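What follows is a set of notes on a single structure, which appears directly below.
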2 protein chains.
Amino acid sequence: MAARVLLQQCFSARLQVKEIQRGALIYVCFFKGATVDIIPKMVSTLLNVKLCESNEGNYVSMLDLPANVIIIPQATLGGKLKGRNMQYHYNIGKEEGKELYEHFVAVCEKEFASNAKCTEAGVVVRHGTYGIRQVLQMDTNGPYTHLIEF
Amino acid sequence: MAARVLLQQCFSARLQVKEIQRGALIYVCFFKGATVDIIPKMVSTLLNVKLCESNEGNYVSMLDLPANVIIIPQATLGGKLKGRNMQYHYNIGKEEGKELYEHFVAVCEKEFASNAKCTEAGVVVRHGTYGIRQVLQMDTNGPYTHLIEF
């Protein structure tokens, strides 16, 4: 496994001082051996999977809703239970992880920016800073939590 | 795999009208073939794994913090990506899932109620209703998201 991503839906969310209205939270974790090569496919999958509830009650993609997005670095998602503790032996190193995370954010921003529906709707892409505490508030009418591994 | 659980830390959280202060969110999903037999081990693991940040900045268990808890049924965690859609073929049936979820909640409540530190601290265990929309608000200084599979 190269990466693990968790998706949640929100009415609104705030990460540190960055706020979004209706959309999605993308929590991202990279494992040892992950390279930038996987990022285009990851982003394409995440932005196109039909997990956003539309006003009509069916599910459409982030690009189709269109959804605002907060991208949250979340290395803890790579933890593996060992006794009463979590171990992170499979997680990517800090420097490499930071690089992949920043590349992931950049590709997401690019995809939203190049989608006419998203630019017309004024979609906002926010993201946290790798390696620091993610102060987060979320308000949802159903987190609709999904896990996608790459 | 019989069950998938996601843990997040919170300052406060509100599920429908049920509110907790500092503690943990436990999102639970059961897969086909899961039985009540796994629940004591699941609860024991979750309540004893050291994933709650103490005032001193180290990590202790939910029972040791002690943490208030919101238990959230989250069948979507069992989804598997297929093309642009998520499929839930491995999820347990609705009736069985409801039964396991309610048993899980009951065992959690019992464990907290039988722990002196938790009863003295007035720990609160709240939970959602299986099969309905989970209207949720969360406020955290770091979700510290962990995945544990059983």
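As shown in the structure tokens, the chain order sets the letters A, B, ...; within each chain, residues go from 1, and ligands are also counted from 1 in the order they appear.
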Where in stretch 7-130 of chain B does DSSP assign alpha helix (DSSP H), given as a VMD selection string? chain B and resid 39 to 48 94 to 113 116 to 121
Please identify every residue of chain A that has at least one atom no more than 8 Å from any atom of chain B, counting only C-alpha atoms, and report them as a PyMOL selection string. chain A and resi 45+48-51+74+76-81+83-86+133-148
Write the selection just made, keeping N, CA and C atoms, as a short mmCIF file (atom, residue, chain, number, x, y, z; two decimals), in the first residue's frame?
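Contents of the output file result33.cif:
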data_model
loop_
_atom_site.label_atom_id
_atom_site.label_comp_id
_atom_site.auth_asym_id
_atom_site.auth_seq_id
_atom_site.Cartn_x
_atom_site.Cartn_y
_atom_site.Cartn_z
N THR A 45 -8.86 9.68 -8.94
CA THR A 45 -9.83 8.80 -8.27
C THR A 45 -10.66 9.58 -7.25
N ASN A 48 -13.15 12.12 -8.61
CA ASN A 48 -14.19 11.59 -9.50
C ASN A 48 -15.10 10.53 -8.88
N VAL A 49 -14.73 10.01 -7.71
CA VAL A 49 -15.58 9.00 -7.09
C VAL A 49 -16.86 9.68 -6.58
N LYS A 50 -17.98 9.00 -6.75
CA LYS A 50 -19.29 9.63 -6.46
C LYS A 50 -19.66 9.48 -5.00
N LEU A 51 -19.16 10.39 -4.19
CA LEU A 51 -19.38 10.30 -2.74
C LEU A 51 -19.93 11.59 -2.14
N GLN A 74 -2.43 13.46 7.54
CA GLN A 74 -2.87 12.66 8.68
C GLN A 74 -2.06 11.36 8.73
N THR A 76 -1.17 9.70 11.16
CA THR A 76 -1.67 8.72 12.14
C THR A 76 -2.50 7.62 11.47
N LEU A 77 -3.04 7.92 10.29
CA LEU A 77 -3.83 6.91 9.56
C LEU A 77 -2.99 5.69 9.19
N GLY A 78 -1.66 5.85 9.22
CA GLY A 78 -0.77 4.74 8.89
C GLY A 78 -0.43 3.86 10.09
N GLY A 79 -0.98 4.18 11.24
CA GLY A 79 -0.65 3.44 12.46
C GLY A 79 -1.14 2.00 12.44
N LYS A 80 -0.39 1.15 13.11
CA LYS A 80 -0.74 -0.26 13.21
C LYS A 80 -0.71 -0.62 14.69
N LEU A 81 -1.76 -1.28 15.12
CA LEU A 81 -1.88 -1.62 16.54
C LEU A 81 -0.85 -2.66 16.95
N GLY A 83 -0.03 -4.29 20.67
CA GLY A 83 -0.35 -4.25 22.10
C GLY A 83 -1.28 -3.10 22.39
N ARG A 84 -0.91 -2.21 23.31
CA ARG A 84 -1.76 -1.06 23.64
C ARG A 84 -1.29 0.21 22.94
N ASN A 85 -0.34 0.07 22.00
CA ASN A 85 0.20 1.24 21.32
C ASN A 85 0.01 1.13 19.81
N MET A 86 0.10 2.29 19.16
CA MET A 86 0.11 2.29 17.70
C MET A 86 1.56 2.48 17.27
N ARG A 133 0.08 20.13 14.19
CA ARG A 133 -1.22 19.82 14.75
C ARG A 133 -2.32 20.38 13.85
N GLN A 134 -3.34 19.56 13.57
CA GLN A 134 -4.42 19.97 12.67
C GLN A 134 -5.65 20.37 13.48
N VAL A 135 -5.70 21.64 13.85
CA VAL A 135 -6.84 22.14 14.62
C VAL A 135 -8.04 22.24 13.69
N LEU A 136 -9.07 21.47 13.99
CA LEU A 136 -10.14 21.24 13.02
C LEU A 136 -11.52 21.34 13.65
N GLN A 137 -12.43 22.01 12.96
CA GLN A 137 -13.84 21.98 13.32
C GLN A 137 -14.62 21.51 12.10
N MET A 138 -15.61 20.69 12.34
CA MET A 138 -16.37 20.15 11.21
C MET A 138 -17.84 20.11 11.60
N ASP A 139 -18.68 20.40 10.61
CA ASP A 139 -20.12 20.38 10.81
C ASP A 139 -20.70 19.62 9.62
N THR A 140 -21.38 18.51 9.90
CA THR A 140 -21.85 17.66 8.81
C THR A 140 -23.24 17.11 9.09
N ASN A 141 -24.00 16.86 8.03
CA ASN A 141 -25.29 16.20 8.24
C ASN A 141 -25.17 14.69 7.97
N GLY A 142 -23.97 14.19 8.17
CA GLY A 142 -23.64 12.78 7.94
C GLY A 142 -22.23 12.72 7.41
N PRO A 143 -21.26 12.25 8.20
CA PRO A 143 -19.87 12.31 7.72
C PRO A 143 -19.64 11.41 6.50
N TYR A 144 -20.44 10.32 6.42
CA TYR A 144 -20.38 9.46 5.23
C TYR A 144 -18.90 9.10 4.98
N THR A 145 -18.27 8.59 6.01
CA THR A 145 -16.82 8.35 6.01
C THR A 145 -16.43 7.18 5.11
N HIS A 146 -15.52 7.41 4.19
CA HIS A 146 -15.01 6.37 3.32
C HIS A 146 -13.50 6.29 3.37
N LEU A 147 -13.01 5.08 3.21
CA LEU A 147 -11.57 4.81 3.21
C LEU A 147 -11.20 4.35 1.81
N ILE A 148 -10.17 4.95 1.23
CA ILE A 148 -9.69 4.48 -0.07
C ILE A 148 -8.18 4.30 0.02
#
Which residue out of B:Ser54, B:Asn68, B:Met1, B:Ile92 has the minimum interatomic distance to B:Ile26 when only C-alpha atoms are used?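 Counting only C-alpha atoms, the residue closest to B:Ile26 is B:Asn68.
Counting only C-alpha atoms, the residue from A:Gly23, A:Gly128, A:Phe31, A:Ala3 that sits nearest to A:His89 is A:Phe31.
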Contact residues around A:Ile38 with only C-alpha atoms at 9 Å, ignoring same-chain residues under 4 positions, as a PyMOL selection string: chain A and resi 2-3+34+42-43+150
Pairwise distance for atom CA of B:His103 and atom CA of B:Ser44, rounded to one decimal in Å: 13.6 Å
Enumerate as a PDB file with C-alpha atoms, in the first residue's frame all residues of chain B assigned to strand (DSSP E) by DSSP on the backbone, naming them with the chain letters and numbers the document uses.
ATOM      1  CA  ALA B   3     -15.018  -4.964  11.810  1.00  0.00           C
ATOM      2  CA  ARG B   4     -13.376  -1.659  11.007  1.00  0.00           C
ATOM      3  CA  VAL B   5     -13.160   1.135  13.553  1.00  0.00           C
ATOM      4  CA  LEU B   6     -12.035   4.703  13.117  1.00  0.00           C
ATOM      5  CA  LEU B   7     -11.011   6.812  16.114  1.00  0.00           C
ATOM      6  CA  GLN B   8     -10.754  10.599  16.341  1.00  0.00           C
ATOM      7  CA  GLN B   9      -9.996  12.865  19.274  1.00  0.00           C
ATOM      8  CA  CYS B  10     -12.201  15.827  20.134  1.00  0.00           C
ATOM      9  CA  PHE B  11     -12.481  18.815  22.461  1.00  0.00           C
ATOM     10  CA  SER B  12     -16.205  18.485  22.053  1.00  0.00           C
ATOM     11  CA  ALA B  13     -18.595  16.775  19.685  1.00  0.00           C
ATOM     12  CA  ARG B  14     -22.308  16.664  19.093  1.00  0.00           C
ATOM     13  CA  LEU B  15     -24.176  13.832  17.409  1.00  0.00           C
ATOM     14  CA  LYS B  18     -26.174  14.323  22.113  1.00  0.00           C
ATOM     15  CA  GLU B  19     -23.115  16.243  23.169  1.00  0.00           C
ATOM     16  CA  ILE B  20     -19.817  15.279  24.744  1.00  0.00           C
ATOM     17  CA  GLN B  21     -16.883  17.280  25.965  1.00  0.00           C
ATOM     18  CA  ARG B  22     -13.261  16.193  25.581  1.00  0.00           C
ATOM     19  CA  GLY B  23     -12.887  12.637  24.423  1.00  0.00           C
ATOM     20  CA  ALA B  24     -13.122  10.383  21.429  1.00  0.00           C
ATOM     21  CA  LEU B  25     -15.316   9.590  18.445  1.00  0.00           C
ATOM     22  CA  ILE B  26     -15.594   5.883  17.653  1.00  0.00           C
ATOM     23  CA  TYR B  27     -16.902   5.163  14.139  1.00  0.00           C
ATOM     24  CA  VAL B  28     -17.871   1.488  13.766  1.00  0.00           C
ATOM     25  CA  CYS B  29     -18.530  -0.754  10.752  1.00  0.00           C
ATOM     26  CA  PHE B  30     -19.159  -4.510  10.770  1.00  0.00           C
ATOM     27  CA  CYS B  52      -5.819  10.066  23.984  1.00  0.00           C
ATOM     28  CA  GLU B  53      -3.605  13.077  24.559  1.00  0.00           C
ATOM     29  CA  TYR B  59      -0.909   9.428  25.242  1.00  0.00           C
ATOM     30  CA  VAL B  60      -3.139   7.395  27.496  1.00  0.00           C
ATOM     31  CA  ASN B  68     -16.057  10.941  26.976  1.00  0.00           C
ATOM     32  CA  VAL B  69     -17.150   8.977  23.949  1.00  0.00           C
ATOM     33  CA  ILE B  70     -19.515   9.228  21.002  1.00  0.00           C
ATOM     34  CA  ILE B  71     -20.084   5.957  19.155  1.00  0.00           C
ATOM     35  CA  ILE B  72     -21.129   6.460  15.529  1.00  0.00           C
ATOM     36  CA  PRO B  73     -22.481   3.673  13.297  1.00  0.00           C
ATOM     37  CA  LYS B  80     -14.765  -0.708  -1.564  1.00  0.00           C
ATOM     38  CA  LEU B  81     -13.958   1.359  -4.618  1.00  0.00           C
ATOM     39  CA  LYS B  82     -15.234  -0.024  -7.938  1.00  0.00           C
ATOM     40  CA  ASN B  85     -18.559   4.115  -7.185  1.00  0.00           C
ATOM     41  CA  MET B  86     -18.250   2.558  -3.758  1.00  0.00           C
ATOM     42  CA  GLN B  87     -19.672  -0.916  -3.262  1.00  0.00           C
ATOM     43  CA  VAL B 125     -20.987   7.625  26.552  1.00  0.00           C
ATOM     44  CA  ARG B 126     -23.276   8.735  23.732  1.00  0.00           C
ATOM     45  CA  HIS B 127     -24.181   6.910  20.557  1.00  0.00           C
ATOM     46  CA  LEU B 136     -22.364  15.508  13.591  1.00  0.00           C
ATOM     47  CA  GLN B 137     -20.336  18.472  14.760  1.00  0.00           C
ATOM     48  CA  MET B 138     -16.788  18.071  15.966  1.00  0.00           C
ATOM     49  CA  ASP B 139     -14.202  20.411  17.403  1.00  0.00           C
ATOM     50  CA  THR B 140     -10.667  19.119  17.815  1.00  0.00           C
ATOM     51  CA  HIS B 146      -6.555   6.079  13.635  1.00  0.00           C
ATOM     52  CA  LEU B 147      -7.896   3.015  11.912  1.00  0.00           C
ATOM     53  CA  ILE B 148      -8.134  -0.308  13.749  1.00  0.00           C
ATOM     54  CA  GLU B 149      -9.378  -3.458  12.051  1.00  0.00           C
TER      55      GLU B 149
END
From the list A:Cys118, A:Leu100, A:Ala113, A:Ile39, the nearest residue to A:Leu63 using only C-alpha atoms is A:Cys118
Could you please determine the separation between atom CA of A:Ala67 and atom CA of A:Val123 in Å, to one decimal place? 6.6 Å
Report, in Å to a single decimal, how far apart atom CA of B:Lys117 and atom CA of B:Asn58 are. 18.2 Å
